[in-house]
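S.K.: Provided herewith: run.cif, mmCIF, C-alpha atoms.
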```cif
data_upload
#
loop_
_atom_site.label_atom_id
_atom_site.label_comp_id
_atom_site.auth_asym_id
_atom_site.auth_seq_id
_atom_site.Cartn_x
_atom_site.Cartn_y
_atom_site.Cartn_z
CA MET U 683 -71.12 -20.40 -38.17
CA HIS U 684 -67.84 -19.36 -39.75
CA ILE U 685 -67.35 -20.77 -43.19
CA MET U 686 -63.59 -21.01 -43.53
CA GLU U 687 -61.50 -19.33 -46.20
CA GLY U 688 -61.84 -21.14 -49.51
CA PHE U 689 -64.62 -23.43 -48.29
CA LEU U 690 -67.21 -22.00 -50.66
CA PRO U 691 -66.94 -22.28 -54.45
CA TRP U 692 -66.18 -18.83 -55.85
CA GLN U 693 -69.62 -18.50 -57.50
CA TRP U 694 -71.23 -18.78 -54.06
CA CYS U 695 -68.75 -16.28 -52.59
CA VAL U 696 -69.80 -13.76 -55.22
CA PHE U 697 -73.48 -14.59 -54.71
CA TRP U 698 -73.39 -13.98 -50.94
CA TYR U 699 -71.35 -10.81 -51.39
CA LEU U 700 -74.06 -9.51 -53.72
CA VAL U 701 -76.85 -10.50 -51.34
CA SER U 702 -75.17 -8.84 -48.35
CA ALA U 703 -73.98 -5.70 -50.10
CA PRO U 704 -77.27 -3.72 -50.05
CA PHE U 705 -77.70 -4.36 -46.32
CA ILE U 706 -74.12 -3.27 -45.64
CA ILE U 707 -74.45 -0.09 -47.71
CA TYR U 708 -77.75 0.83 -46.05
CA GLY U 709 -76.22 -0.10 -42.68
CA ILE U 710 -73.27 2.27 -43.14
CA TYR U 711 -75.74 5.04 -43.97
CA LEU U 712 -77.90 4.28 -40.90
CA LEU U 713 -74.87 4.00 -38.62
CA ASN U 714 -73.54 7.36 -39.80
CA ARG U 715 -76.90 8.96 -39.20
CA GLN U 716 -77.21 7.38 -35.76
CA VAL U 717 -73.78 8.65 -34.71
CA LYS U 718 -74.33 12.15 -36.10
CA GLU U 719 -77.87 12.78 -34.95
CA HIS U 720 -77.94 10.81 -31.70
CA ARG U 721 -74.46 11.22 -30.30
CA GLU U 722 -75.66 10.30 -26.82
CA THR U 723 -76.35 6.74 -28.02
CA LEU U 724 -72.71 6.23 -29.05
CA SER U 725 -71.68 4.64 -25.75
CA LEU U 726 -74.42 2.00 -25.98
CA LEU U 727 -73.46 1.38 -29.59
CA ALA U 728 -69.92 0.69 -28.41
CA VAL U 729 -71.22 -1.63 -25.67
CA SER U 730 -73.42 -3.52 -28.17
CA GLY U 731 -70.46 -3.95 -30.52
CA ALA U 732 -68.28 -5.03 -27.61
CA PHE U 733 -70.75 -7.78 -26.70
CA ILE U 734 -70.51 -9.15 -30.24
CA PHE U 735 -66.72 -9.00 -29.93
CA LEU U 736 -66.70 -10.70 -26.55
CA LEU U 737 -69.32 -13.41 -27.06
CA SER U 738 -68.27 -14.42 -30.56
CA SER U 739 -64.75 -15.12 -29.28
CA LEU U 740 -65.93 -17.60 -26.65
CA LYS U 741 -65.80 -21.13 -27.95
CA MET U 742 -68.00 -23.01 -25.56
CA PRO U 743 -68.69 -26.70 -25.23
CA SER U 744 -72.22 -27.58 -26.23
CA PRO U 745 -73.33 -30.32 -23.84
CA VAL U 746 -75.89 -31.90 -26.18
CA VAL U 747 -73.56 -33.21 -28.85
CA GLY U 748 -70.05 -32.96 -27.51
CA SER U 749 -68.67 -30.29 -29.79
CA CYS U 750 -67.78 -26.64 -29.35
CA SER U 751 -69.28 -23.53 -30.82
CA HIS U 752 -69.60 -19.86 -30.01
CA PRO U 753 -72.50 -17.47 -29.38
CA THR U 754 -72.99 -14.55 -31.76
CA GLY U 755 -73.73 -11.76 -29.28
CA THR U 756 -75.92 -9.88 -31.74
CA GLY U 757 -79.12 -9.83 -29.62
CA LEU U 758 -78.40 -6.66 -27.67
CA SER U 759 -77.56 -4.65 -30.76
CA VAL U 760 -80.69 -5.93 -32.55
CA VAL U 761 -82.93 -4.69 -29.75
CA LEU U 762 -81.17 -1.35 -29.28
CA PHE U 763 -80.19 -0.39 -32.83
CA GLY U 764 -82.03 -2.76 -35.17
CA PRO U 765 -80.77 -5.48 -37.51
CA ILE U 766 -79.23 -3.26 -40.20
CA ILE U 767 -76.79 -1.51 -37.87
CA THR U 768 -76.08 -4.92 -36.31
CA ALA U 769 -74.87 -6.08 -39.73
CA ILE U 770 -72.10 -3.47 -39.66
CA LEU U 771 -71.02 -4.37 -36.12
CA SER U 772 -70.91 -8.06 -37.11
CA LEU U 773 -68.95 -7.22 -40.24
CA ILE U 774 -66.23 -5.54 -38.16
CA VAL U 775 -65.92 -8.60 -35.91
CA LEU U 776 -65.89 -11.01 -38.87
CA ILE U 777 -63.13 -9.03 -40.64
CA PHE U 778 -61.08 -9.02 -37.42
CA GLN U 779 -61.46 -12.79 -37.07
CA ALA U 780 -60.77 -13.48 -40.75
CA LEU U 781 -57.57 -11.43 -40.82
CA PHE U 782 -55.98 -12.16 -37.44
CA LEU U 783 -57.39 -15.54 -36.41
CA ALA U 784 -57.82 -17.29 -39.77
CA HIS U 785 -61.35 -17.91 -38.45
CA GLY U 786 -63.80 -17.41 -41.29
CA GLY U 787 -62.35 -15.79 -44.40
CA ILE U 788 -62.34 -12.84 -46.74
CA THR U 789 -63.80 -14.83 -49.65
CA THR U 790 -66.53 -16.24 -47.39
CA LEU U 791 -67.14 -12.89 -45.66
CA GLY U 792 -70.31 -12.25 -47.66
CA ALA U 793 -71.84 -15.57 -46.61
CA ASN U 794 -70.73 -15.19 -42.98
CA VAL U 795 -72.01 -11.64 -42.60
CA PHE U 796 -75.30 -12.72 -44.14
CA SER U 797 -75.83 -15.48 -41.56
CA MET U 798 -74.51 -13.71 -38.46
CA GLY U 799 -75.14 -10.05 -39.23
CA ILE U 800 -78.22 -10.05 -41.43
CA ALA U 801 -80.47 -13.13 -41.42
CA GLY U 802 -80.13 -13.98 -37.70
CA PRO U 803 -80.64 -10.36 -36.57
CA LEU U 804 -83.56 -9.84 -39.00
CA LEU U 805 -85.46 -12.80 -37.59
CA GLY U 806 -84.49 -11.71 -34.08
CA TYR U 807 -85.90 -8.28 -34.84
CA ALA U 808 -89.14 -9.81 -36.12
CA VAL U 809 -89.43 -11.67 -32.81
CA TYR U 810 -88.76 -8.41 -30.98
CA ARG U 811 -91.53 -6.54 -32.77
CA LEU U 812 -93.94 -9.42 -32.28
CA GLY U 813 -93.07 -9.53 -28.58
CA LYS U 814 -93.71 -5.80 -28.30
CA ALA U 815 -97.04 -6.09 -30.11
CA LEU U 816 -98.08 -8.88 -27.73
CA ASN U 817 -96.93 -6.82 -24.75
CA LEU U 818 -94.50 -9.51 -23.70
CA ASN U 819 -92.32 -8.90 -20.65
CA ILE U 820 -89.25 -7.04 -21.97
CA PHE U 821 -86.75 -9.43 -20.38
CA VAL U 822 -88.50 -12.49 -21.81
CA ASN U 823 -88.60 -10.72 -25.14
CA ILE U 824 -84.86 -9.99 -25.08
CA PHE U 825 -84.14 -13.58 -24.12
CA LEU U 826 -86.13 -14.79 -27.13
CA VAL U 827 -84.64 -12.23 -29.54
CA THR U 828 -81.08 -13.14 -28.54
CA ALA U 829 -81.64 -16.90 -28.64
CA VAL U 830 -83.43 -16.74 -32.00
CA ALA U 831 -80.81 -14.45 -33.60
CA ASP U 832 -78.07 -16.81 -32.39
CA LEU U 833 -79.75 -20.06 -33.41
CA PHE U 834 -81.03 -18.84 -36.76
CA THR U 835 -77.51 -17.68 -37.70
CA TYR U 836 -76.42 -21.31 -37.55
CA VAL U 837 -79.47 -22.55 -39.45
CA ILE U 838 -78.55 -20.11 -42.23
CA THR U 839 -74.97 -21.35 -42.27
CA ALA U 840 -76.33 -24.88 -42.72
CA ILE U 841 -78.53 -23.66 -45.61
CA GLU U 842 -75.61 -21.82 -47.23
CA LEU U 843 -73.42 -24.92 -47.11
CA ALA U 844 -76.19 -27.29 -48.20
CA ALA U 845 -76.88 -25.06 -51.22
CA ALA U 846 -73.20 -25.00 -52.17
CA PHE U 847 -72.61 -28.70 -51.48
CA PRO U 848 -75.77 -30.67 -52.26
CA ALA U 849 -75.33 -34.39 -51.67
CA THR U 850 -74.84 -36.49 -54.81
CA HIS U 851 -77.67 -38.73 -53.67
CA GLY U 852 -80.60 -36.83 -52.23
CA GLY U 853 -79.35 -33.33 -53.01
CA PHE U 854 -79.97 -30.27 -50.86
CA MET U 855 -82.13 -31.83 -48.13
CA ILE U 856 -79.72 -34.65 -47.26
CA SER U 857 -76.83 -32.24 -47.21
CA PHE U 858 -78.83 -29.77 -45.13
CA GLU U 859 -79.49 -32.46 -42.52
CA THR U 860 -75.76 -33.07 -42.19
CA PHE U 861 -74.86 -29.41 -41.75
CA PHE U 862 -77.91 -28.74 -39.58
CA ALA U 863 -76.77 -31.47 -37.20
CA ILE U 864 -73.25 -30.02 -37.06
CA TYR U 865 -74.19 -26.36 -36.64
CA ALA U 866 -77.71 -25.80 -35.40
CA VAL U 867 -78.18 -28.66 -32.93
CA THR U 868 -74.89 -27.79 -31.22
CA GLN U 869 -76.08 -24.25 -30.86
CA VAL U 870 -79.30 -24.78 -28.87
CA PRO U 871 -77.79 -24.74 -25.34
CA LEU U 872 -75.50 -21.84 -26.23
CA ALA U 873 -78.40 -19.82 -27.60
CA ILE U 874 -80.32 -20.32 -24.35
CA LEU U 875 -77.33 -19.31 -22.25
CA GLU U 876 -76.69 -16.25 -24.39
CA GLY U 877 -80.35 -15.22 -24.15
CA VAL U 878 -80.30 -15.36 -20.36
CA LEU U 879 -77.03 -13.41 -20.24
CA ILE U 880 -78.24 -10.59 -22.49
CA ALA U 881 -81.52 -10.32 -20.55
CA LEU U 882 -79.45 -9.83 -17.40
CA VAL U 883 -77.21 -7.28 -19.10
CA PHE U 884 -80.32 -5.42 -20.20
CA LYS U 885 -81.29 -4.97 -16.56
CA TYR U 886 -77.98 -3.17 -15.94
CA ILE U 887 -78.53 -1.00 -18.98
CA ILE U 888 -81.96 0.03 -17.70
CA GLN U 889 -80.41 0.83 -14.33
CA SER U 890 -77.59 2.81 -15.97
CA ARG U 891 -79.09 4.59 -18.96
CA SER U 892 -82.85 4.25 -19.10
CA ASP U 893 -82.86 7.72 -20.69
CA ILE U 894 -81.16 6.37 -23.83
CA LEU U 895 -83.48 3.36 -23.94
CA VAL U 896 -86.44 5.76 -23.94
CA LYS U 897 -84.78 7.77 -26.71
CA LEU U 898 -84.18 4.59 -28.73
CA ARG U 899 -87.86 3.74 -28.17
CA VAL U 900 -87.03 0.40 -26.59
CA LEU U 901 -89.03 1.38 -23.51
CA THR U 902 -91.42 4.17 -22.66
CA GLN U 903 -90.62 6.36 -19.67
CA GLU U 904 -93.43 4.71 -17.68
CA GLN U 905 -92.18 1.20 -18.46
CA ALA U 906 -88.62 2.14 -17.47
CA THR U 907 -89.76 3.67 -14.20
CA LYS U 908 -91.90 0.65 -13.41
CA ILE U 909 -89.05 -1.80 -14.08
CA LEU U 910 -86.62 0.27 -11.99
CA GLU U 911 -89.06 0.31 -9.09
CA GLY U 912 -89.40 -3.45 -9.41
CA PHE U 913 -85.68 -3.92 -8.87
CA ALA U 914 -85.31 -1.27 -6.16
CA MET O 1079 -90.05 -8.18 2.93
CA LYS O 1080 -88.11 -11.38 3.44
CA PHE O 1081 -88.24 -12.23 -0.25
CA ARG O 1082 -87.24 -8.77 -1.45
CA PHE O 1083 -83.78 -10.14 -2.24
CA LEU O 1084 -85.24 -12.76 -4.56
CA VAL O 1085 -87.23 -10.17 -6.48
CA LYS O 1086 -84.39 -7.67 -6.72
CA TYR O 1087 -81.89 -10.22 -7.98
CA LYS O 1088 -84.18 -12.60 -9.83
CA LEU O 1089 -82.36 -12.24 -13.16
CA GLU O 1090 -78.99 -12.86 -11.51
CA ILE O 1091 -80.43 -15.93 -9.80
CA ILE O 1092 -81.88 -17.29 -13.05
CA PHE O 1093 -78.53 -16.71 -14.76
CA ALA O 1094 -76.64 -18.52 -12.01
CA VAL O 1095 -79.05 -21.46 -12.11
CA VAL O 1096 -78.74 -21.75 -15.91
CA ILE O 1097 -74.92 -21.68 -15.67
CA VAL O 1098 -74.94 -24.41 -13.02
CA ILE O 1099 -77.27 -26.61 -15.10
CA PHE O 1100 -75.12 -25.97 -18.17
CA ALA O 1101 -71.94 -26.94 -16.31
CA ALA O 1102 -73.57 -30.02 -14.77
CA VAL O 1103 -74.84 -31.30 -18.12
CA PHE O 1104 -71.40 -30.64 -19.58
CA LEU O 1105 -69.66 -32.66 -16.86
CA ILE O 1106 -72.06 -35.59 -17.18
CA GLN O 1107 -71.84 -35.58 -20.96
CA ASN O 1108 -68.06 -35.24 -20.82
CA ALA O 1109 -67.73 -38.24 -18.51
CA HIS O 1110 -69.87 -40.22 -20.92
CA ILE O 1111 -67.90 -39.09 -23.98
CA GLN O 1112 -64.50 -39.72 -22.40
CA ALA O 1113 -65.62 -43.21 -21.36
CA THR O 1114 -66.76 -44.17 -24.86
CA ALA O 1115 -64.17 -42.28 -26.96
CA LYS O 1116 -61.67 -44.38 -28.86
CA PRO O 1117 -58.03 -43.73 -27.89
CA GLY O 1118 -56.67 -40.75 -29.81
CA GLU O 1119 -60.12 -39.57 -30.86
CA GLU O 1120 -60.52 -35.83 -30.59
CA THR O 1121 -63.47 -34.78 -28.44
CA TRP O 1122 -65.21 -31.41 -28.11
CA GLN O 1123 -64.19 -30.26 -31.57
CA GLY O 1124 -65.26 -26.91 -32.95
CA SER O 1125 -68.44 -27.05 -35.05
CA ASP O 1126 -66.78 -24.77 -37.61
CA ASP O 1127 -63.97 -27.31 -38.09
CA MET O 1128 -66.47 -30.17 -38.25
CA GLY O 1129 -68.32 -28.25 -40.96
CA SER O 1130 -65.09 -27.83 -42.92
CA ALA O 1131 -64.34 -31.54 -42.49
CA ALA O 1132 -67.82 -32.45 -43.78
CA ILE O 1133 -67.21 -30.28 -46.85
CA GLU O 1134 -63.83 -31.90 -47.49
CA ALA O 1135 -65.49 -35.31 -47.15
CA THR O 1136 -67.50 -34.52 -50.29
CA GLY O 1137 -64.20 -34.41 -52.21
CA TYR O 1138 -63.98 -30.61 -52.28
CA THR O 1139 -60.63 -28.89 -51.83
CA PRO O 1140 -60.50 -25.24 -50.73
CA TRP O 1141 -59.40 -23.03 -53.61
CA ILE O 1142 -57.74 -20.42 -51.44
CA SER O 1143 -56.18 -20.48 -47.97
CA PRO O 1144 -56.00 -17.72 -45.36
CA ILE O 1145 -53.24 -15.12 -45.84
CA TRP O 1146 -52.16 -15.67 -42.25
CA THR O 1147 -52.88 -18.57 -39.91
CA PRO O 1148 -51.95 -18.58 -36.21
CA PRO O 1149 -48.91 -20.89 -36.03
CA SER O 1150 -50.20 -22.92 -33.07
CA THR O 1151 -53.35 -23.41 -31.02
CA GLU O 1152 -51.64 -21.49 -28.20
CA VAL O 1153 -51.18 -18.43 -30.40
CA GLU O 1154 -54.73 -18.86 -31.66
CA SER O 1155 -56.16 -18.93 -28.14
CA LEU O 1156 -54.06 -15.87 -27.28
CA LEU O 1157 -55.66 -13.97 -30.15
CA PHE O 1158 -59.15 -15.13 -29.16
CA SER O 1159 -58.42 -13.97 -25.61
CA ILE O 1160 -57.36 -10.58 -26.91
CA GLN O 1161 -60.64 -10.35 -28.80
CA ALA O 1162 -62.60 -11.21 -25.66
CA GLY O 1163 -60.48 -8.82 -23.61
CA LEU O 1164 -61.11 -5.92 -25.96
CA GLY O 1165 -64.85 -6.51 -25.77
CA ALA O 1166 -64.83 -6.87 -22.00
CA PHE O 1167 -62.71 -3.72 -21.63
CA VAL O 1168 -65.20 -1.58 -23.55
CA ILE O 1169 -68.17 -3.06 -21.65
CA GLY O 1170 -66.48 -2.52 -18.28
CA TYR O 1171 -65.39 0.98 -19.20
CA PHE O 1172 -68.87 2.21 -20.06
CA PHE O 1173 -70.70 0.45 -17.23
CA GLY O 1174 -68.15 1.91 -14.82
CA PHE O 1175 -68.55 5.31 -16.41
CA TYR O 1176 -72.36 5.17 -16.09
CA ARG O 1177 -72.15 4.09 -12.49
CA GLY O 1178 -69.64 6.77 -11.59
CA LYS O 1179 -71.80 9.39 -13.22
CA ARG O 1180 -74.90 8.19 -11.39
CA GLU O 1181 -73.32 8.06 -7.97
CA SER O 1182 -71.12 11.14 -7.97
CA PRO O 1183 -72.63 14.18 -6.24
CA LYS O 1184 -74.32 16.45 -8.76
CA SER O 1185 -73.14 19.75 -7.30
CA VAL O 1186 -69.37 19.84 -7.25
#
```
When written as C-alpha cells, how does the structure in this file appear?

M.R.:
Amino acid sequence: MHIMEGFLPWQWCVFWYLVSAPFIIYGIYLLNRQVKEHRETLSLLAVSGAFIFLLSSLKMPSPVVGSCSHPTGTGLSVVLFGPIITAILSLIVLIFQALFLAHGGITTLGANVFSMGIAGPLLGYAVYRLGKALNLNIFVNIFLVTAVADLFTYVITAIELAAAFPATHGGFMISFETFFAIYAVTQVPLAILEGVLIALVFKYIIQSRSDILVKLRVLTQEQATKILEGFA
Amino acid sequence: MKFRFLVKYKLEIIFAVVIVIFAAVFLIQNAHIQATAKPGEETWQGSDDMGSAAIEATGYTPWISPIWTPPSTEVESLLFSIQAGLGAFVIGYFFGFYRGKRESPKSV
C-alpha cells in the first residue's frame, strides 16, 4: 500500500495531505485526551501501536498471485481505540518507514496515511459497529474488522493511484483494474491471516486485561466473564 | 471432558490450521511459479514495487527521490527486522507484565 517517494504528482500529494489533515488533528486531540483521562489504557495503546509496527514490517508472500505484500496491523487498534486514534499510530509507523527504510515517502505520506490509517480503519470500524449491533461473536467480529481494514487499505491505494494515473485509453476504470490487481488481489490471503491472528491476540487480551476492555466498552463485564469461563 | 482441550485452545488451533494451509498453498504455488518462470525473471516481488513499476510504465518519472535509501537489500531487511523487533518487544513486555501481575501473590 506504500506509494513510494515521488510517485504521486505534487498536486495529488497536496490533495491527500489536505484530506488527511483534519483526521490527524482530531486524532492528536483524541489521543491526548485518552492518555490524560484514561491512563490505565496506555499499555494497551502501546500494544496496539506495536502490532501495527510489527505486522506492517512483515513482507509476506501472497500465494494467490506470486507477489509479496504486508499486513497493516490496524485491526486491534480500531477495535480498542477507534479509527481516529489508529490514524495517529499509523502515521508514526509510516514516518518511520519513509525516513529509515525509503519505504513510502514524505511527499506521499498524506496519501499513505489516508489509505492505511484512515479509510481502512474507518470501514473496519463500521464493520465493528455493525457486528456489535447484530450481536456477532466478538472473535468473528474482530476477524472481520481486521481483514476488512487491511484489504480496504489496498483498495484505497489502488483508487489513489488510478485517480492520479488514469489510462490514456479507458481512463480511471482501466487504470484502477491494473492497480487493483497488483494491490488488492495480492492482499486477500494476508488479510485473512491477519484477521485470524488478531482474533487470537484478542483472546490473550481478554485473559490479561478484561478490566480495560470493559472500560473501553469493547465488552460488558458479563460478556468478558462468559468468554473467560469458556476458555477456562 | 475429553474435548475440553479443543474448546480451550480453539482459536490457537484455527490459527495453526490457517498457517499450515497458507504455507501449503505457498509451496504449491511456488513450485508452479519456479517451473514456469523464465530464467532471470524475478519472482515474489513486492506489490509496492510492482505498483511503482506500473506507474513508471505510463511514462511517469518520480519528481523527488527519498533523502536516504538503504544501500542494499541486506541493510533494508536489517531495518525491517529492527522494526518488527521493536514491535515484538513492546508486545512481549506488556503481555509478560500482565501475566506477572496476575500470577504474583496479592499479599506480599

S.K.: Report as a ChimeraX atom specification the set of chain U residues whose atoms approach chain O to within 8 Å, with distances computed over all atoms listed in the file.

M.R.: /U:683-691,725,728-729,731-737,739-741,743-746,748-751,780-784,787,847,849,861,864-865,868,871,875,878-879,881-882,890-891,912-914

S.K.: Thr768 (chain U): which residues within 6 Å, counting only C-alpha atoms, same-chain residues fewer than 2 positions away excluded, as a PyMOL selection string?

M.R.: chain U and resi 759+765-766+770-771+799

S.K.: Would you list the residues near (-80.7, -5.4, -21.1) (no more than 12 Å away, in the coordinates of the file, using only C-alpha atoms) as an NGL selection string?

M.R.: (:U and (726 or 729-730 or 733 or 757-762 or 820-825 or 827-828 or 877-892 or 895 or 900-901 or 906 or 909)) or (:O and (1089))

S.K.: Save the residues we just selected, C-alpha atoms, as a compact mmCIF listing (two decimals), in the frame of the given file?

M.R.:
```txt
# COMPACT_ATOMS: atom_id res chain seq x y z
CA LEU U 726 -74.42 2.00 -25.98
CA VAL U 729 -71.22 -1.63 -25.67
CA SER U 730 -73.42 -3.52 -28.17
CA PHE U 733 -70.75 -7.78 -26.70
CA GLY U 757 -79.12 -9.83 -29.62
CA LEU U 758 -78.40 -6.66 -27.67
CA SER U 759 -77.56 -4.65 -30.76
CA VAL U 760 -80.69 -5.93 -32.55
CA VAL U 761 -82.93 -4.69 -29.75
CA LEU U 762 -81.17 -1.35 -29.28
CA ILE U 820 -89.25 -7.04 -21.97
CA PHE U 821 -86.75 -9.43 -20.38
CA VAL U 822 -88.50 -12.49 -21.81
CA ASN U 823 -88.60 -10.72 -25.14
CA ILE U 824 -84.86 -9.99 -25.08
CA PHE U 825 -84.14 -13.58 -24.12
CA VAL U 827 -84.64 -12.23 -29.54
CA THR U 828 -81.08 -13.14 -28.54
CA GLY U 877 -80.35 -15.22 -24.15
CA VAL U 878 -80.30 -15.36 -20.36
CA LEU U 879 -77.03 -13.41 -20.24
CA ILE U 880 -78.24 -10.59 -22.49
CA ALA U 881 -81.52 -10.32 -20.55
CA LEU U 882 -79.45 -9.83 -17.40
CA VAL U 883 -77.21 -7.28 -19.10
CA PHE U 884 -80.32 -5.42 -20.20
CA LYS U 885 -81.29 -4.97 -16.56
CA TYR U 886 -77.98 -3.17 -15.94
CA ILE U 887 -78.53 -1.00 -18.98
CA ILE U 888 -81.96 0.03 -17.70
CA GLN U 889 -80.41 0.83 -14.33
CA SER U 890 -77.59 2.81 -15.97
CA ARG U 891 -79.09 4.59 -18.96
CA SER U 892 -82.85 4.25 -19.10
CA LEU U 895 -83.48 3.36 -23.94
CA VAL U 900 -87.03 0.40 -26.59
CA LEU U 901 -89.03 1.38 -23.51
CA ALA U 906 -88.62 2.14 -17.47
CA ILE U 909 -89.05 -1.80 -14.08
CA LEU O 1089 -82.36 -12.24 -13.16
```

S.K.: Tell me, in Å to one decimal, how far CA of Gly852 (chain U) is from CA of Gln869 (chain U).

M.R.: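 It comes out at 25.2 Å.
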
S.K.: Interatomic distance between CA of Gly792 (chain U) and CA of Thr756 (chain U)?

M.R.: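 Separating CA of Gly792 (chain U) from CA of Thr756 (chain U) is a distance of 17.0 Å.
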
S.K.: On this structure, the PyMOL selection byres ((chain U and resi 833-843) around 8) would catch which residues? List them as a list in words, sorted by chain and number.

M.R.: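 Listing what the PyMOL selection byres ((chain U and resi 833-843) around 8) selects in the shown file: Met683, His684, Ile685, Leu690, Ala793, Asn794, Ser797, Met798, Ala801, Gly802, Leu805, Ala829, Val830, Ala831, Asp832, Ala844, Ala845, Ala846, Phe847, Phe858, Phe861, Phe862, Tyr865, Ala866, Gln869, Val870 and Ala873 of chain U.
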
S.K.: Output the residue selection produced by the PyMOL selection byres ((chain U and resi 753) around 6) on the file above, formatted as a ChimeraX atom specification.

M.R.: /U:737-738,752,754-755

S.K.: One decimal, Å: what's the distance from CA of Leu898 (chain U) over to CA of Phe763 (chain U), could you say?

M.R.: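 CA of Phe763 (chain U) lies at a distance of 7.6 Å from CA of Leu898 (chain U).
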
S.K.: Run the PyMOL selection byres ((chain U and resi 704-716) around 7) on the file and write out the hits as a PyMOL selection string.

M.R.: chain U and resi 701-703+717-720+766-767+769-770
